[in-house]
$ cat coords26.cif   # mmCIF, C-alpha atoms
data_structure
#
loop_
_atom_site.label_atom_id
_atom_site.label_comp_id
_atom_site.auth_asym_id
_atom_site.auth_seq_id
_atom_site.Cartn_x
_atom_site.Cartn_y
_atom_site.Cartn_z
CA MET A 791 0.83 -5.77 -26.76
CA THR A 792 0.48 -9.49 -27.32
CA GLU A 793 -0.52 -10.43 -23.78
CA PRO A 794 -4.21 -10.94 -23.09
CA HIS A 795 -5.66 -8.33 -20.75
CA VAL A 796 -8.66 -10.50 -19.79
CA LEU A 797 -10.48 -7.90 -17.75
CA PHE A 798 -9.60 -4.97 -20.00
CA ASP A 799 -9.83 -6.63 -23.42
CA PRO A 800 -13.41 -5.61 -24.15
CA LEU A 801 -12.43 -1.98 -23.53
CA LEU A 802 -9.19 -2.02 -25.43
CA GLN A 803 -9.97 -4.18 -28.45
CA ASP A 804 -11.48 -1.39 -30.54
CA LEU A 805 -8.50 0.92 -30.05
CA GLY A 806 -5.55 1.12 -32.41
CA ASP A 807 -2.11 0.09 -31.08
CA ARG A 808 -1.04 3.63 -30.34
CA ALA A 809 -4.26 4.68 -28.58
CA ARG A 810 -4.16 1.47 -26.54
CA ASP A 811 -0.60 2.18 -25.42
CA GLU A 812 -1.56 5.74 -24.46
CA VAL A 813 -4.53 4.50 -22.42
CA LEU A 814 -2.41 1.85 -20.64
CA ALA A 815 0.34 4.38 -19.89
CA ALA A 816 -2.15 6.84 -18.39
CA PHE A 817 -3.83 4.05 -16.40
CA SER A 818 -0.46 2.97 -14.93
CA ALA A 819 0.63 6.53 -14.22
CA VAL A 820 -2.46 7.48 -12.19
CA GLN A 821 -2.42 4.15 -10.40
CA TYR A 822 1.26 3.84 -9.47
CA ALA A 823 2.84 7.30 -9.40
CA ALA A 824 3.30 8.60 -5.86
CA HIS A 825 1.84 11.98 -6.82
CA PRO A 826 -0.86 13.20 -9.22
CA VAL A 827 0.33 13.26 -12.86
CA ALA A 828 0.23 16.39 -15.03
CA GLU A 829 -2.46 16.18 -17.72
CA VAL A 830 -0.10 17.66 -20.34
CA GLN A 831 2.34 14.80 -19.82
CA LEU A 832 0.15 12.04 -21.24
CA ALA A 833 -2.11 11.84 -24.27
CA GLY A 834 -4.23 9.32 -22.37
CA LEU A 835 -5.11 12.08 -19.89
CA ARG A 836 -5.19 15.05 -22.33
CA ASP A 837 -7.53 13.48 -24.86
CA VAL A 838 -11.08 13.31 -23.52
CA THR A 839 -11.96 10.14 -25.47
CA LEU A 840 -8.83 8.30 -24.33
CA ARG A 841 -9.35 9.54 -20.77
CA ARG A 842 -12.83 8.04 -20.82
CA HIS A 843 -11.23 4.67 -21.61
CA VAL A 844 -8.84 5.11 -18.67
CA ALA A 845 -11.83 5.85 -16.41
CA ARG A 846 -13.59 2.71 -17.63
CA MET A 847 -10.52 0.57 -16.95
CA LEU A 848 -10.29 2.01 -13.44
CA LYS A 849 -14.00 1.33 -12.82
CA LEU A 850 -13.41 -2.38 -13.44
CA ILE A 851 -11.02 -2.48 -10.46
CA GLY A 852 -13.12 -0.30 -8.15
CA ARG A 853 -11.30 2.96 -8.91
CA THR A 854 -12.09 6.31 -10.46
CA LEU A 855 -10.18 9.29 -11.89
CA VAL A 856 -9.61 12.17 -9.45
CA HIS A 857 -8.86 15.64 -10.82
CA VAL A 858 -6.31 17.53 -8.70
CA ASP A 859 -5.82 21.32 -8.90
CA GLY A 860 -7.42 21.38 -12.35
CA THR A 861 -4.17 20.33 -14.04
CA HIS A 862 -3.30 16.90 -12.63
CA TRP A 863 -4.93 13.48 -12.39
CA THR A 864 -4.67 10.57 -10.01
CA SER A 865 -6.90 7.60 -9.14
CA GLY A 866 -8.90 6.85 -6.01
CA TYR A 867 -11.55 4.41 -4.82
CA ALA A 868 -14.92 4.82 -6.54
CA ASP A 869 -17.45 6.18 -4.03
CA ASP A 870 -19.94 3.33 -4.55
CA ILE A 871 -17.22 0.70 -3.99
CA ALA A 872 -15.90 2.48 -0.87
CA ALA A 873 -19.47 2.72 0.51
CA THR A 874 -20.12 -1.00 -0.11
CA LEU A 875 -16.85 -2.05 1.54
CA THR A 876 -17.33 0.18 4.59
CA ALA A 877 -20.91 -1.08 4.96
CA GLN A 878 -19.39 -4.59 5.01
CA GLY A 879 -17.03 -3.48 7.80
CA TRP A 880 -13.90 -3.57 5.61
CA GLN A 881 -11.04 -1.79 7.38
CA PRO A 882 -7.42 -2.46 6.45
CA LEU A 883 -5.91 -0.05 9.00
CA SER A 884 -5.56 -0.96 12.68
CA VAL A 885 -7.20 1.26 15.29
CA VAL A 886 -3.80 2.61 16.44
CA ASP A 887 -2.78 3.48 12.87
CA ARG A 888 -6.08 5.30 12.33
CA ALA A 889 -5.70 7.20 15.61
CA VAL A 890 -2.19 8.40 14.71
CA LEU A 891 -3.33 9.34 11.19
CA VAL A 892 -6.27 11.32 12.56
CA LEU A 893 -3.95 13.22 14.92
CA VAL A 894 -1.79 14.23 11.95
CA LEU A 895 -4.89 15.30 9.98
CA ILE A 896 -6.21 17.35 12.91
CA HIS A 897 -2.94 19.21 13.51
CA SER A 898 -1.84 19.58 9.89
CA VAL A 899 -5.19 20.24 8.19
CA ALA A 900 -8.24 20.63 10.43
CA ILE A 901 -6.77 23.23 12.81
CA PRO A 902 -5.09 25.37 10.10
CA ARG A 903 -8.33 25.17 8.08
CA SER A 904 -10.42 26.34 11.03
CA GLU A 905 -7.97 29.23 11.47
CA GLY A 906 -8.38 30.18 7.81
CA ILE A 907 -4.72 29.39 7.02
CA LEU A 908 -5.71 26.54 4.69
CA THR A 909 -8.48 27.03 2.18
CA GLY A 910 -10.25 24.64 -0.17
CA ASP A 911 -11.12 21.05 0.63
CA SER A 912 -7.75 19.43 -0.07
CA TRP A 913 -6.06 17.27 2.59
CA LYS A 914 -2.65 18.45 1.45
CA SER A 915 -0.82 20.63 3.96
CA ALA A 916 2.66 21.93 4.70
CA ARG A 917 1.88 22.57 8.39
CA PRO A 918 3.90 19.89 10.22
CA THR A 919 2.57 17.80 13.12
CA THR A 920 5.34 17.32 15.68
CA VAL A 921 5.99 14.14 17.65
CA ASP A 922 4.96 16.08 20.78
CA GLU A 923 1.54 16.68 19.24
CA LEU A 924 1.23 12.94 18.60
CA ARG A 925 1.92 12.00 22.22
CA THR A 926 -1.15 10.66 23.97
CA THR A 927 -1.52 8.54 27.08
CA LYS A 928 -3.63 6.07 25.11
CA ILE A 929 -0.84 5.02 22.70
CA SER A 930 2.59 3.90 23.89
CA GLY A 931 5.74 5.32 22.32
CA GLU A 932 6.56 1.95 20.75
CA GLU A 933 3.06 1.58 19.26
CA ARG A 934 3.26 5.12 17.89
CA ARG A 935 6.65 4.52 16.27
CA LEU A 936 5.42 1.33 14.57
CA ALA A 937 2.22 3.06 13.44
CA LEU A 938 4.21 5.98 12.00
CA GLN A 939 6.42 3.51 10.13
CA ARG A 940 3.39 1.73 8.61
CA LEU A 941 1.62 5.01 7.73
CA ARG A 942 4.75 6.35 6.05
CA ALA A 943 5.17 3.11 4.08
CA ALA A 944 1.53 3.39 2.95
CA GLY A 945 2.05 7.00 1.79
CA LEU A 946 -0.66 8.21 4.20
CA ILE A 947 1.79 10.49 6.01
CA GLN A 948 5.26 11.73 5.12
CA LEU A 949 8.12 13.43 6.91
CA SER A 950 7.93 17.19 6.69
CA GLY A 951 11.03 19.03 5.53
CA ASP A 952 11.00 21.02 8.79
CA HIS A 953 13.39 19.33 11.23
CA SER A 954 13.83 22.29 13.57
CA GLY A 955 11.96 20.62 16.43
CA GLY A 956 12.85 16.98 15.67
CA PRO A 957 10.95 14.79 13.18
CA SER A 958 7.50 16.02 12.15
CA TYR A 959 4.86 14.82 9.73
CA ILE A 960 2.46 16.09 7.08
CA PRO A 961 -0.32 14.23 5.23
CA GLY A 962 1.07 11.85 2.60
CA PRO A 963 0.43 11.79 -1.14
CA GLN A 964 -2.29 9.13 -0.83
CA LEU A 965 -4.65 11.74 0.68
CA GLN A 966 -4.75 13.40 -2.75
CA ARG A 967 -6.48 10.27 -4.05
CA LEU A 968 -9.67 11.09 -2.11
CA THR A 969 -12.65 11.88 -4.34
CA PRO A 970 -14.61 15.10 -3.62
CA ALA A 971 -17.27 13.04 -1.81
CA ALA A 972 -14.63 11.21 0.23
CA ARG A 973 -12.97 14.50 1.18
CA ARG A 974 -16.33 15.80 2.38
CA ARG A 975 -17.06 12.64 4.39
CA LEU A 976 -13.65 12.85 6.06
CA GLN A 977 -14.24 16.51 6.97
CA ASP A 978 -17.74 15.66 8.30
CA GLN A 979 -16.35 12.84 10.43
CA LEU A 980 -13.72 15.11 11.99
CA ILE A 981 -16.34 17.76 12.80
CA LEU A 982 -18.67 15.14 14.31
CA ALA A 983 -15.77 13.85 16.44
CA ALA A 984 -14.36 17.22 17.50
CA GLY A 985 -17.59 19.17 18.08
CA PRO A 986 -20.56 16.80 18.24
CA ALA A 987 -22.79 19.48 19.85
CA SER A 988 -21.87 22.24 17.37
CA PRO A 989 -24.44 23.64 14.90
CA VAL A 990 -22.26 22.42 12.01
CA ALA A 991 -22.38 18.88 13.41
CA GLU A 992 -26.15 19.17 13.70
CA ALA A 993 -26.35 20.24 10.05
CA ILE A 994 -24.20 17.27 9.01
CA ARG A 995 -26.44 14.87 10.92
CA ALA A 996 -29.53 16.42 9.36
CA ARG A 997 -28.05 16.14 5.86
CA ASN A 998 -27.00 12.52 6.43
CA GLY A 999 -30.35 11.75 8.01
CA ALA A 1000 -31.92 12.04 4.57
CA THR A 1001 -30.27 8.78 3.57
CA PRO A 1002 -30.12 6.45 6.58
CA THR A 1003 -28.11 3.76 4.75
CA GLU A 1004 -25.45 6.23 3.79
CA GLN A 1005 -25.39 7.57 7.33
CA ALA A 1006 -24.82 4.08 8.73
CA ALA A 1007 -22.02 3.55 6.27
CA GLU A 1008 -20.49 6.93 6.99
CA ARG A 1009 -20.43 6.30 10.71
CA ARG A 1010 -17.94 3.53 10.07
CA THR A 1011 -16.16 5.18 7.22
CA ASP A 1012 -12.50 5.84 7.26
CA ASP A 1013 -11.88 7.61 3.99
CA THR A 1014 -8.24 6.77 3.72
CA GLU A 1015 -6.32 4.69 1.28
CA GLY A 1016 -4.01 1.79 1.72
CA ASN A 1017 -0.77 1.01 -0.13
CA GLY A 1018 -2.44 -0.45 -3.13
CA MET B 238 -23.42 -17.05 -21.86
CA SER B 239 -24.09 -15.05 -18.73
CA THR B 240 -27.15 -12.84 -18.41
CA PRO B 241 -26.69 -9.05 -18.19
CA SER B 242 -27.40 -9.04 -14.43
CA GLU B 243 -24.86 -11.84 -13.91
CA ALA B 244 -22.31 -9.79 -15.83
CA VAL B 245 -23.04 -6.74 -13.64
CA GLU B 246 -22.69 -8.84 -10.49
CA ARG B 247 -19.46 -10.33 -11.79
CA ARG B 248 -18.06 -6.85 -12.47
CA LEU B 249 -19.00 -5.68 -8.96
CA TYR B 250 -17.43 -8.83 -7.45
CA ASN B 251 -14.15 -8.14 -9.31
CA ALA B 252 -14.17 -4.44 -8.42
CA LEU B 253 -14.74 -5.13 -4.71
CA TRP B 254 -11.91 -7.69 -4.50
CA TRP B 255 -9.60 -5.37 -6.39
CA ALA B 256 -10.43 -2.51 -3.99
CA LYS B 257 -9.63 -4.86 -1.10
CA VAL B 258 -6.20 -5.91 -2.39
CA GLN B 259 -5.36 -2.33 -3.28
CA SER B 260 -6.19 -1.10 0.21
CA ALA B 261 -4.77 -3.99 2.24
CA GLY B 262 -2.27 -5.71 -0.07
CA PRO B 263 -2.45 -9.40 -1.09
CA LEU B 264 -5.14 -11.26 0.86
CA GLU B 265 -5.19 -14.80 2.24
CA VAL B 266 -8.61 -16.32 1.52
CA PRO B 267 -10.26 -19.76 1.66
CA ARG B 268 -9.37 -22.02 -1.26
CA ASP B 269 -12.94 -22.12 -2.54
CA THR B 270 -13.08 -18.32 -3.09
CA PRO B 271 -14.09 -17.88 -6.76
CA ALA B 272 -11.43 -16.51 -9.12
CA VAL B 273 -11.07 -12.74 -9.60
CA ALA B 274 -9.91 -11.38 -12.97
CA LEU B 275 -6.21 -10.44 -12.95
CA LEU B 276 -5.67 -11.50 -9.34
CA THR B 277 -3.18 -14.38 -9.37
CA ARG B 278 -3.66 -17.14 -6.82
CA ALA B 279 -0.72 -18.33 -4.72
CA ALA B 280 -1.50 -21.46 -2.68
CA SER B 281 -0.19 -21.20 0.89
CA PRO B 282 2.58 -23.69 1.84
CA ASP B 283 0.11 -26.10 3.52
CA GLY B 284 -2.41 -25.69 0.69
CA SER B 285 -5.29 -24.76 3.01
CA THR B 286 -5.66 -21.19 1.75
CA VAL B 287 -4.72 -19.09 -1.26
CA TRP B 288 -3.31 -15.59 -1.55
CA LEU B 289 -4.89 -13.22 -4.06
CA VAL B 290 -2.09 -11.14 -5.59
CA PRO B 291 -2.56 -8.29 -8.11
CA ALA B 292 -0.93 -9.25 -11.41
CA LEU B 293 -1.50 -6.62 -14.07
CA PRO B 294 -0.16 -7.40 -17.53
CA SER B 295 2.98 -5.62 -18.64
CA GLY B 296 2.05 -2.28 -20.14
CA ALA B 297 -0.49 -1.72 -17.36
CA GLY B 298 2.08 -2.12 -14.58
CA HIS B 299 4.44 0.32 -12.93
CA THR B 300 7.19 0.18 -15.60
CA VAL B 301 5.71 3.24 -17.34
CA LEU B 302 6.81 5.40 -14.39
CA ASP B 303 10.47 5.04 -15.41
CA GLU B 304 9.66 6.32 -18.89
CA LEU B 305 7.76 9.28 -17.43
CA GLY B 306 10.41 10.03 -14.84
CA THR B 307 7.66 9.95 -12.19
CA PRO B 308 8.58 8.19 -8.97
CA PRO B 309 6.34 5.54 -7.38
CA VAL B 310 5.61 5.68 -3.63
CA ALA B 311 9.06 5.88 -2.03
CA VAL B 312 10.51 3.00 0.01
CA GLU B 313 12.40 4.08 3.12
CA GLN B 314 15.98 2.82 3.41
CA PRO B 315 15.72 1.43 -0.13
CA ASN B 316 19.20 -0.05 -0.29
CA GLU B 317 19.05 -1.80 3.07
CA THR B 318 15.57 -3.08 2.27
CA ALA B 319 16.69 -4.47 -1.09
CA ARG B 320 19.74 -6.06 0.55
CA VAL B 321 17.61 -7.82 3.18
CA LEU B 322 15.13 -8.99 0.53
CA SER B 323 17.94 -10.52 -1.52
CA ILE B 324 19.34 -12.23 1.60
CA CYS B 325 15.91 -13.67 2.41
CA VAL B 326 15.62 -14.96 -1.17
CA ALA B 327 18.98 -16.73 -0.69
CA CYS B 328 17.83 -18.20 2.66
CA CYS B 329 14.25 -19.17 1.70
CA TRP B 330 14.53 -20.19 -1.97
CA THR B 331 16.42 -23.38 -1.27
CA ASP B 332 15.33 -25.39 -4.35
CA ARG B 333 16.26 -22.98 -7.11
CA SER B 334 15.39 -25.46 -9.85
CA GLY B 335 11.73 -24.63 -9.15
CA PRO B 336 9.74 -21.42 -8.58
CA ALA B 337 10.54 -19.16 -5.61
CA TRP B 338 7.04 -19.47 -4.09
CA PRO B 339 6.36 -20.81 -1.52
CA GLY B 340 10.01 -21.63 -0.70
CA SER B 341 10.99 -22.70 2.81
CA ALA B 342 11.32 -21.00 6.19
CA GLY B 343 14.53 -19.16 7.05
CA THR B 344 15.67 -17.69 10.35
CA LEU B 345 16.81 -14.35 11.66
CA ALA B 346 20.14 -16.00 12.57
CA GLN B 347 20.66 -16.92 8.90
CA VAL B 348 19.77 -13.42 7.72
CA ARG B 349 22.19 -11.84 10.23
CA SER B 350 24.97 -14.22 9.22
CA VAL B 351 24.57 -13.57 5.45
CA TYR B 352 24.27 -9.82 6.07
CA ALA B 353 27.60 -9.72 7.95
CA GLY B 354 29.18 -11.94 5.28
CA MET B 355 27.87 -9.70 2.53
CA ARG B 356 29.41 -6.69 4.26
CA GLY B 357 32.65 -8.70 4.68
CA ARG B 358 32.99 -7.92 8.39
CA PRO B 359 31.74 -9.14 11.78
CA GLU B 360 28.21 -8.10 12.79
CA GLN B 361 27.90 -4.54 14.10
CA PRO B 362 25.38 -3.51 16.79
CA SER B 363 23.48 -1.29 14.29
CA ASP B 364 23.03 -4.18 11.81
CA LEU B 365 20.16 -5.74 13.74
CA THR B 366 18.20 -2.46 13.79
CA LEU B 367 18.57 -2.13 10.02
CA ILE B 368 17.69 -5.79 9.41
CA ILE B 369 14.58 -5.75 11.63
CA GLY B 370 13.39 -2.46 10.10
CA SER B 371 13.76 -3.93 6.61
CA LEU B 372 12.04 -7.21 7.56
CA ARG B 373 9.07 -5.26 8.96
CA ARG B 374 8.85 -3.08 5.84
CA LEU B 375 8.99 -6.10 3.55
CA HIS B 376 6.40 -7.91 5.68
CA ALA B 377 4.04 -4.91 5.53
CA THR B 378 4.24 -4.95 1.73
CA HIS B 379 3.92 -8.77 1.49
CA TRP B 380 7.31 -9.37 -0.11
CA LEU B 381 8.11 -11.42 3.00
CA LEU B 382 6.13 -13.13 5.74
CA TRP B 383 8.10 -12.24 8.89
CA ASN B 384 7.18 -13.91 12.16
CA GLU B 385 8.85 -11.65 14.69
CA LYS B 386 8.00 -13.82 17.73
CA ALA B 387 9.57 -16.95 16.23
CA GLY B 388 12.36 -15.06 14.44
CA GLU B 389 11.40 -16.84 11.21
CA VAL B 390 10.90 -15.52 7.70
CA ARG B 391 9.35 -16.88 4.49
CA LEU B 392 9.02 -15.34 1.05
CA GLY B 393 5.76 -13.41 0.70
CA PRO B 394 2.99 -14.03 -1.82
CA ARG B 395 4.08 -11.14 -4.04
CA VAL B 396 7.05 -13.21 -5.23
CA ILE B 397 4.60 -15.26 -7.31
CA THR B 398 4.59 -12.34 -9.76
CA TRP B 399 8.32 -12.81 -10.49
CA THR B 400 8.78 -13.82 -14.11
CA ALA B 401 11.22 -16.48 -15.38
CA ALA B 402 13.62 -13.65 -16.27
CA ASP B 403 13.33 -12.17 -12.74
CA GLN B 404 14.00 -15.60 -11.25
CA ALA B 405 17.07 -16.09 -13.48
CA THR B 406 18.47 -12.74 -12.24
CA LEU B 407 17.78 -13.69 -8.63
CA ARG B 408 19.38 -17.15 -9.05
CA ASP B 409 22.50 -15.38 -10.27
CA LEU B 410 22.35 -12.93 -7.34
CA CYS B 411 22.06 -15.80 -4.84
CA ARG B 412 25.25 -17.33 -6.27
CA HIS B 413 27.12 -14.14 -5.36
CA LEU B 414 25.88 -14.05 -1.75
CA PRO B 415 27.59 -15.92 1.09
CA ASP B 416 25.94 -19.32 1.77
CA PRO B 417 23.53 -19.12 4.73
CA PRO B 418 24.20 -21.43 7.69
CA PRO B 419 21.64 -24.25 8.14
CA ALA B 420 18.27 -23.04 9.44
CA VAL B 421 17.48 -24.00 13.03
CA LEU B 422 13.71 -23.56 13.21
CA THR B 423 11.74 -23.28 16.42
CA THR B 424 8.79 -25.67 16.36
CA THR B 425 6.72 -23.56 18.74
CA PRO B 426 6.61 -19.80 18.27
CA ALA B 427 7.91 -19.10 21.79
CA PRO B 428 9.70 -15.77 21.99
CA ASP B 429 13.36 -16.24 22.80
CA ALA B 430 15.61 -13.80 24.56
CA GLU B 431 16.58 -12.21 21.27
CA SER B 432 13.10 -11.47 19.97
CA ASP B 433 12.18 -9.91 23.31
CA SER B 434 14.62 -7.14 22.68
CA LEU B 435 14.21 -6.53 18.95
CA PRO B 436 15.11 -2.96 18.23
CA THR B 437 12.83 -0.37 16.73
CA GLU B 438 14.00 2.10 14.15
CA PRO B 439 14.20 5.67 15.40
CA GLU B 440 11.21 7.95 14.88
CA SER B 441 13.06 9.68 12.06
CA PRO B 442 14.02 7.12 9.45
CA GLU B 443 16.46 9.38 7.72
CA ALA B 444 19.54 7.54 8.82
CA ALA B 445 22.12 7.15 6.08
CA ASP B 446 21.20 4.43 3.61
CA ASP B 447 24.42 3.70 1.83
#

$ encode --input "coords26.cif" --output "structure tokens"
Amino acid sequence: MTEPHVLFDPLLQDLGDRARDEVLAAFSAVQYAAHPVAEVQLAGLRDVTLRRHVARMLKLIGRTLVHVDGTHWTSGYADDIAATLTAQGWQPLSVVDRAVLVLVLIHSVAIPRSEGILTGDSWKSARPTTVDELRTTKISGEERRLALQRLRAAGLIQLSGDHSGGPSYIPGPQLQRLTPAARRRLQDQLILAAGPASPVAEAIRARNGATPTEQAAERRTDDTEGNG
Amino acid sequence: MSTPSEAVERRLYNALWWAKVQSAGPLEVPRDTPAVALLTRAASPDGSTVWLVPALPSGAGHTVLDELGTPPVAVEQPNETARVLSICVACCWTDRSGPAWPGSAGTLAQVRSVYAGMRGRPEQPSDLTLIIGSLRRLHATHWLLWNEKAGEVRLGPRVITWTAADQATLRDLCRHLPDPPPAVLTTTPAPDAESDSLPTEPESPEAADD
């Protein structure tokens, strides 16, 4: 490595050549791979000291390490950075794209989870959302097709392998980049939207009420990732 | 020397901008926006704004994925999309003695003409669907700036990250493509008959991508 890393130099300068290469490889893998990377595959993820360097590099660009299924790693937005940006009103997805994404999340994750078919707090699901389930009078067919195209390109949804009833969708690999806190916020938001008068919604409001700033931020939060 | 609190603020400033370009792609900002570490600046063609484009050094980029055999986020219709990008490079990078960015404006008519020439046959009805789908995909990822109303395309800010070696490869590629016809640009972005009826790709994108 002869190129200056500017931002990362202070973190990398004390490492030997080999350790630095391992850290950079792990950093790139969690940032750019479509899916979480197996810990055993990379020394930069296996070794706790090297992994700490990867986490510090990610922190400099607003990211954090996310542990998936106890065996894999990926990166996601750091909770403090996501909270600051949402409080500033930052929102890279259009309202139509968000609406279509939410419909997929409701049919593929929220409903199966409420039926006990899906357990845990992951937003990964094999239950497909059909095009029929995405039809709504509020979004035209053309708008929906364009939104689906953009969401697929961003990795927020993907085609399911089940083509029996025409094309259908499941949550994309980017959803696995949500931190535990982001996963909880997304679940809370769906409950507040679907059953605002339910006791669970009341409990969420009470919990959020403890920190008014966070509540204000969460009201506008969309805990999804772009195609970074 | 900066004070510790200035250093903390600086780090937060960098992290917030990086989170923005990772979630929305390269961003067009006022020229006086202070620099952000490892975000390259690409001045817009009229110089009034700059694009902030992620530019990680080699070793911290996506090349490691090949070595790991781990795929990056998949591109739909990868071959068609790559074909249309190469055609747009040929149409928009007119002065190839200099860098590709910002290049000049090309037209949908040019892209269609080179596409048919590249295939060595007259234009087929399905070509336009494939071309428009690819232009939209490349626009969404900032490899191109595609103005659908005007039917005009420019290279996108991401091309500023192309190295001298990348540009040499692309120069060579352009030599192998049919020459585009001269660009006839519309001065006002009034939709013409053609752009009124631009096709949309089907809901399932799994058409053959040869």

$ interface_residues --input "coords26.cif" --of "chain A" --to "chain B" --cutoff "9 Å" --atoms "only C-alpha atoms" --output "MDAnalysis selection string"
chainID A and resid 791 793:797 811 813:819 821:825 827 831:832 849:853 867:868 871:872 874:875 880:883 921 932 934:936 938:940 942:945 949 956:958 963 1014:1018

$ atom_distance --input "coords26.cif" --atom1 "atom CA of B:Thr331" --atom2 "atom CA of B:Ser363"
27.9 Å

$ atom_distance --input "coords26.cif" --atom1 "atom CA of A:Arg846" --atom2 "atom CA of A:Arg975"
24.4 Å

$ residues_around --input "coords26.cif" --residues "B:Ala401" --least-positions-apart "2" --cutoff "12 Å" --atoms "only C-alpha atoms" --output "PDB file with C-alpha atoms, in the frame of the given file"
ATOM      1  CA  ARG B 333      16.260 -22.980  -7.110  1.00  0.00           C
ATOM      2  CA  SER B 334      15.390 -25.460  -9.850  1.00  0.00           C
ATOM      3  CA  GLY B 335      11.730 -24.630  -9.150  1.00  0.00           C
ATOM      4  CA  PRO B 336       9.740 -21.420  -8.580  1.00  0.00           C
ATOM      5  CA  ALA B 337      10.540 -19.160  -5.610  1.00  0.00           C
ATOM      6  CA  VAL B 396       7.050 -13.210  -5.230  1.00  0.00           C
ATOM      7  CA  ILE B 397       4.600 -15.260  -7.310  1.00  0.00           C
ATOM      8  CA  THR B 398       4.590 -12.340  -9.760  1.00  0.00           C
ATOM      9  CA  TRP B 399       8.320 -12.810 -10.490  1.00  0.00           C
ATOM     10  CA  ASP B 403      13.330 -12.170 -12.740  1.00  0.00           C
ATOM     11  CA  GLN B 404      14.000 -15.600 -11.250  1.00  0.00           C
ATOM     12  CA  ALA B 405      17.070 -16.090 -13.480  1.00  0.00           C
ATOM     13  CA  THR B 406      18.470 -12.740 -12.240  1.00  0.00           C
ATOM     14  CA  LEU B 407      17.780 -13.690  -8.630  1.00  0.00           C
ATOM     15  CA  ARG B 408      19.380 -17.150  -9.050  1.00  0.00           C
TER      16      ARG B 408
END

$ resolve_selection --input "coords26.cif" --expression "the PyMOL selection byres ((chain A and resi 974) around 12)" --output "list in words"
Asp869, Gly910, Asp911, Ser912, Trp913, Leu968, Thr969, Pro970, Ala971, Ala972, Arg973, Arg975, Leu976, Gln977, Asp978, Gln979, Leu980, Ile981, Ile994, Asn998, Glu1008, Thr1011, Asp1012 and Asp1013 of chain A

$ resolve_selection --input "coords26.cif" --expression "the PyMOL selection byres ((chain B and resi 394) around 8)" --output "PDB file with C-alpha atoms, in the coordinates of the input"
ATOM      1  CA  PRO B 263      -2.450  -9.400  -1.090  1.00  0.00           C
ATOM      2  CA  ALA B 279      -0.720 -18.330  -4.720  1.00  0.00           C
ATOM      3  CA  TRP B 288      -3.310 -15.590  -1.550  1.00  0.00           C
ATOM      4  CA  VAL B 290      -2.090 -11.140  -5.590  1.00  0.00           C
ATOM      5  CA  TRP B 338       7.040 -19.470  -4.090  1.00  0.00           C
ATOM      6  CA  PRO B 339       6.360 -20.810  -1.520  1.00  0.00           C
ATOM      7  CA  HIS B 379       3.920  -8.770   1.490  1.00  0.00           C
ATOM      8  CA  TRP B 380       7.310  -9.370  -0.110  1.00  0.00           C
ATOM      9  CA  LEU B 381       8.110 -11.420   3.000  1.00  0.00           C
ATOM     10  CA  LEU B 392       9.020 -15.340   1.050  1.00  0.00           C
ATOM     11  CA  GLY B 393       5.760 -13.410   0.700  1.00  0.00           C
ATOM     12  CA  ARG B 395       4.080 -11.140  -4.040  1.00  0.00           C
ATOM     13  CA  VAL B 396       7.050 -13.210  -5.230  1.00  0.00           C
ATOM     14  CA  ILE B 397       4.600 -15.260  -7.310  1.00  0.00           C
TER      15      ILE B 397
END

$ atom_distance --input "coords26.cif" --atom1 "atom CA of A:Glu812" --atom2 "atom CA of B:Arg247"
27.2 Å

$ residues_around --input "coords26.cif" --residues "B:Val321" --least-positions-apart "2" --cutoff "8 Å" --atoms "all atoms listed in the file" --output "CSV table (one decimal) with C-alpha atoms, in the coordinates of the input"
chain,number,residue,atom,x,y,z
B,317,GLU,CA,19.0,-1.8,3.1
B,318,THR,CA,15.6,-3.1,2.3
B,319,ALA,CA,16.7,-4.5,-1.1
B,323,SER,CA,17.9,-10.5,-1.5
B,324,ILE,CA,19.3,-12.2,1.6
B,325,CYS,CA,15.9,-13.7,2.4
B,348,VAL,CA,19.8,-13.4,7.7
B,352,TYR,CA,24.3,-9.8,6.1
B,368,ILE,CA,17.7,-5.8,9.4
B,371,SER,CA,13.8,-3.9,6.6
B,372,LEU,CA,12.0,-7.2,7.6

$ axis_aligned_box --input "coords26.cif" --around "stretch 316-332 of chain B" --padding-each-side "3 Å" --output "lines of an AutoDock Vina configuration file"
center_x = 17.0
center_y = -12.7
center_z = -0.6
size_x = 11.5
size_y = 31.3
size_z = 13.5

$ resolve_selection --input "coords26.cif" --expression "the PyMOL selection byres ((chain B and resi 418) around 6)" --output "list of chain:residue names"
B:Gln347, B:Pro417, B:Pro419

$ closest_residue --input "coords26.cif" --among "B:Pro267, B:Pro315, B:Pro282, B:Gly340" --to "B:Leu367" --atoms "only C-alpha atoms"
B:Pro315

$ residues_around --input "coords26.cif" --residues "A:Ile947" --least-positions-apart "6" --cutoff "6 Å" --atoms "all atoms listed in the file" --output "PyMOL selection string"
chain A and resi 941+960-962

$ write_last_selection --input "coords26.cif" --atoms "C-alpha atoms" --output "PDB file, in the coordinates of the input"
ATOM      1  CA  LEU A 941       1.620   5.010   7.730  1.00  0.00           C
ATOM      2  CA  ILE A 960       2.460  16.090   7.080  1.00  0.00           C
ATOM      3  CA  PRO A 961      -0.320  14.230   5.230  1.00  0.00           C
ATOM      4  CA  GLY A 962       1.070  11.850   2.600  1.00  0.00           C
TER       5      GLY A 962
END
